[in-house]
Amino acid sequence: MPTPFRNGLGWTLFLDRDGVLNQRPAEGYVCSPEAFRWIPGSLEALRVLSAVFSRVVVVTNQQGIGKGIMDASALEAVHRKMLMDVRKAGGRIDRIYHAPGLKGREFYMRKPGVGMALAARRDLPGIRFRQAVMVGDMPTDMVFGRRLNMFNILISDDPALARDLHTLIDFRFDKLAAFAASLRQEADKRRAGQASGQDA
């Protein structure tokens, strides 16, 4: 998969959470660490992506807080567990931002509003949105990325959704693991080409 970021040097990876890293609950919200379940392959994908990108940032809408179903301390517990799992697997997440506002009432922080990205740029010097990738599974993620001129990757096994969003996405993968695998394969081909050039 030819990409503009290639080895990722200087690039920032923005990741949605539910449906990309962890399984999206059929109903309700992930309100406890016990309810957080990784999508198979996502932890290994984060290890690969952490080696590719200079910064890894999670941006997640969490209106369960705004609805009073959970509070900020419960979300923090979920994210502590998530970060611990990531570190154990050899990956990293540099920052996590969440938007607790309700859909239709919060237009700045909540995606597709860009507030979380602007907060990340404030906190992590060096972020340039034209050197950033947004990976998400929802139309709001793709609008968020496009508003900031990011490179957009849709995580979905639904080709129809990709067709509907074709003006907003650059690539589609079924899972985060497939995206990471494509970058690893590209890196392997590049190294093999360099080695063959040295042998010539």
# chains A, B, ... in the order shown; residues from 1 in each chain; ligands from 1
$ select_by_dssp --residues "chain A" --states "helix (DSSP H, G or I)" --output "count of residues only"
86
$ residues_around --residues "Gly64 of chain A" --least-positions-apart "3" --cutoff "9 Å" --atoms "only C-alpha atoms" --output "list of chain:residue names"
A:Gly28, A:Tyr29, A:Val30, A:Cys31, A:Asn61, A:Lys67, A:Gly68, A:Ile69, A:Met70, A:Asp71, A:Pro100, A:Gly101, A:Leu102
$ select_by_dssp --residues "segment 57-195 of chain A" --states "strand (DSSP E or B)" --output "list in words"
Val57, Val58, Val59, Thr60, Asn61, Arg95, Ile96, Tyr97, His98, Ala99, Ala132, Val133, Met134, Val135, Gly136, Phe151, Asn152, Ile153, Leu154, Ile155, Phe171, Arg172 and Phe173 of chain A
$ closest_residue --among "A:Thr12, A:Gln131, A:Ser156, A:Thr140" --to "Val58 of chain A" --atoms "only C-alpha atoms"
A:Thr12
$ closest_residue --among "A:Val135, A:Ala187, A:Glu27, A:Asp123" --to "Phe171 of chain A" --atoms "only C-alpha atoms"
A:Val135
$ closest_residue --among "A:Arg146, A:Arg130, A:Arg80, A:Arg184" --to "Arg95 of chain A" --atoms "only C-alpha atoms"
A:Arg80
$ atom_distance --atom1 "atom CA of Arg163 of chain A" --atom2 "atom CA of Pro139 of chain A"
11.6 Å
$ residues_around --residues "Asn152 of chain A" --least-positions-apart "3" --cutoff "12 Å" --atoms "only C-alpha atoms" --output "ChimeraX atom specification"
/A:3-4,13-16,129-149,155,162,165-173,179
$ write_last_selection --atoms "N, CA and C atoms" --output "compact mmCIF listing (two decimals), in the first residue's frame"
# COMPACT_ATOMS: atom_id res chain seq x y z
N THR A 3 2.03 4.77 0.54
CA THR A 3 1.49 5.81 1.41
C THR A 3 2.40 7.02 1.41
N PRO A 4 1.86 8.21 1.69
CA PRO A 4 2.71 9.39 1.74
C PRO A 4 3.60 9.44 2.97
N LEU A 13 -0.30 9.51 14.31
CA LEU A 13 -1.41 8.60 14.09
C LEU A 13 -2.52 8.92 15.09
N PHE A 14 -3.69 9.30 14.58
CA PHE A 14 -4.88 9.48 15.40
C PHE A 14 -5.75 8.25 15.25
N LEU A 15 -6.19 7.70 16.38
CA LEU A 15 -7.00 6.48 16.38
C LEU A 15 -8.31 6.71 17.12
N ASP A 16 -9.41 6.30 16.52
CA ASP A 16 -10.65 6.15 17.26
C ASP A 16 -10.48 4.95 18.19
N PHE A 129 -1.15 18.58 10.97
CA PHE A 129 -2.27 17.76 10.51
C PHE A 129 -2.09 17.25 9.08
N ARG A 130 -1.32 17.96 8.27
CA ARG A 130 -1.03 17.45 6.93
C ARG A 130 -0.03 16.29 6.98
N GLN A 131 0.54 16.05 8.15
CA GLN A 131 1.38 14.88 8.38
C GLN A 131 0.75 14.03 9.47
N ALA A 132 -0.53 13.73 9.29
CA ALA A 132 -1.27 12.93 10.27
C ALA A 132 -2.22 11.99 9.56
N VAL A 133 -2.49 10.87 10.21
CA VAL A 133 -3.40 9.85 9.70
C VAL A 133 -4.52 9.67 10.72
N MET A 134 -5.76 9.67 10.25
CA MET A 134 -6.90 9.37 11.10
C MET A 134 -7.43 8.00 10.75
N VAL A 135 -7.54 7.14 11.75
CA VAL A 135 -8.06 5.79 11.56
C VAL A 135 -9.33 5.65 12.41
N GLY A 136 -10.44 5.38 11.75
CA GLY A 136 -11.69 5.24 12.48
C GLY A 136 -12.68 4.37 11.72
N ASP A 137 -13.78 4.07 12.40
CA ASP A 137 -14.77 3.18 11.79
C ASP A 137 -16.11 3.86 11.53
N MET A 138 -16.20 5.16 11.79
CA MET A 138 -17.46 5.87 11.65
C MET A 138 -17.32 7.05 10.70
N PRO A 139 -18.43 7.46 10.05
CA PRO A 139 -18.38 8.65 9.21
C PRO A 139 -17.86 9.88 9.94
N THR A 140 -18.20 10.02 11.22
CA THR A 140 -17.72 11.18 11.98
C THR A 140 -16.20 11.21 12.07
N ASP A 141 -15.57 10.03 12.12
CA ASP A 141 -14.11 9.98 12.17
C ASP A 141 -13.52 10.50 10.86
N MET A 142 -14.15 10.11 9.76
CA MET A 142 -13.63 10.52 8.46
C MET A 142 -13.84 12.01 8.21
N VAL A 143 -14.97 12.56 8.66
CA VAL A 143 -15.19 14.00 8.54
C VAL A 143 -14.18 14.76 9.39
N PHE A 144 -13.95 14.27 10.60
CA PHE A 144 -12.96 14.84 11.52
C PHE A 144 -11.59 14.93 10.84
N GLY A 145 -11.16 13.82 10.26
CA GLY A 145 -9.86 13.79 9.61
C GLY A 145 -9.79 14.72 8.41
N ARG A 146 -10.85 14.71 7.59
CA ARG A 146 -10.82 15.52 6.38
C ARG A 146 -10.84 17.01 6.70
N ARG A 147 -11.54 17.39 7.75
CA ARG A 147 -11.57 18.81 8.13
C ARG A 147 -10.18 19.35 8.44
N LEU A 148 -9.30 18.45 8.86
CA LEU A 148 -7.94 18.85 9.23
C LEU A 148 -6.92 18.43 8.18
N ASN A 149 -7.42 17.99 7.02
CA ASN A 149 -6.54 17.58 5.91
C ASN A 149 -5.65 16.41 6.27
N ILE A 155 -11.84 1.83 8.96
CA ILE A 155 -11.83 0.44 9.42
C ILE A 155 -13.25 -0.08 9.33
N ALA A 162 -17.82 2.16 2.56
CA ALA A 162 -16.68 2.79 1.90
C ALA A 162 -17.12 3.54 0.64
N LEU A 165 -18.69 6.78 1.56
CA LEU A 165 -17.73 7.74 2.11
C LEU A 165 -16.53 7.95 1.19
N HIS A 166 -16.66 7.59 -0.08
CA HIS A 166 -15.49 7.56 -0.95
C HIS A 166 -14.79 8.91 -1.05
N THR A 167 -15.52 10.00 -0.88
CA THR A 167 -14.86 11.32 -0.97
C THR A 167 -14.08 11.66 0.30
N LEU A 168 -14.27 10.88 1.36
CA LEU A 168 -13.65 11.18 2.65
C LEU A 168 -12.50 10.25 3.01
N ILE A 169 -12.41 9.10 2.34
CA ILE A 169 -11.41 8.11 2.76
C ILE A 169 -10.33 7.93 1.69
N ASP A 170 -9.16 7.53 2.17
CA ASP A 170 -8.05 7.24 1.27
C ASP A 170 -7.83 5.74 1.11
N PHE A 171 -8.07 4.98 2.20
CA PHE A 171 -7.98 3.52 2.14
C PHE A 171 -9.00 2.94 3.10
N ARG A 172 -9.36 1.68 2.86
CA ARG A 172 -10.22 0.94 3.78
C ARG A 172 -9.57 -0.39 4.12
N PHE A 173 -9.65 -0.77 5.40
CA PHE A 173 -9.20 -2.08 5.86
C PHE A 173 -10.27 -2.67 6.76
N PHE A 179 -4.31 -2.97 8.46
CA PHE A 179 -3.57 -1.74 8.16
C PHE A 179 -2.12 -1.87 8.60
$ atom_distance --atom1 "atom CA of Arg24 of chain A" --atom2 "atom CA of Ala160 of chain A"
19.7 Å
$ closest_residue --among "A:Leu183, A:Ala35, A:Ala178, A:Ile65" --to "Met82 of chain A" --atoms "only C-alpha atoms"
A:Ala35
$ atom_distance --atom1 "atom CA of Lys175 of chain A" --atom2 "atom CA of Glu34 of chain A"
22.2 Å
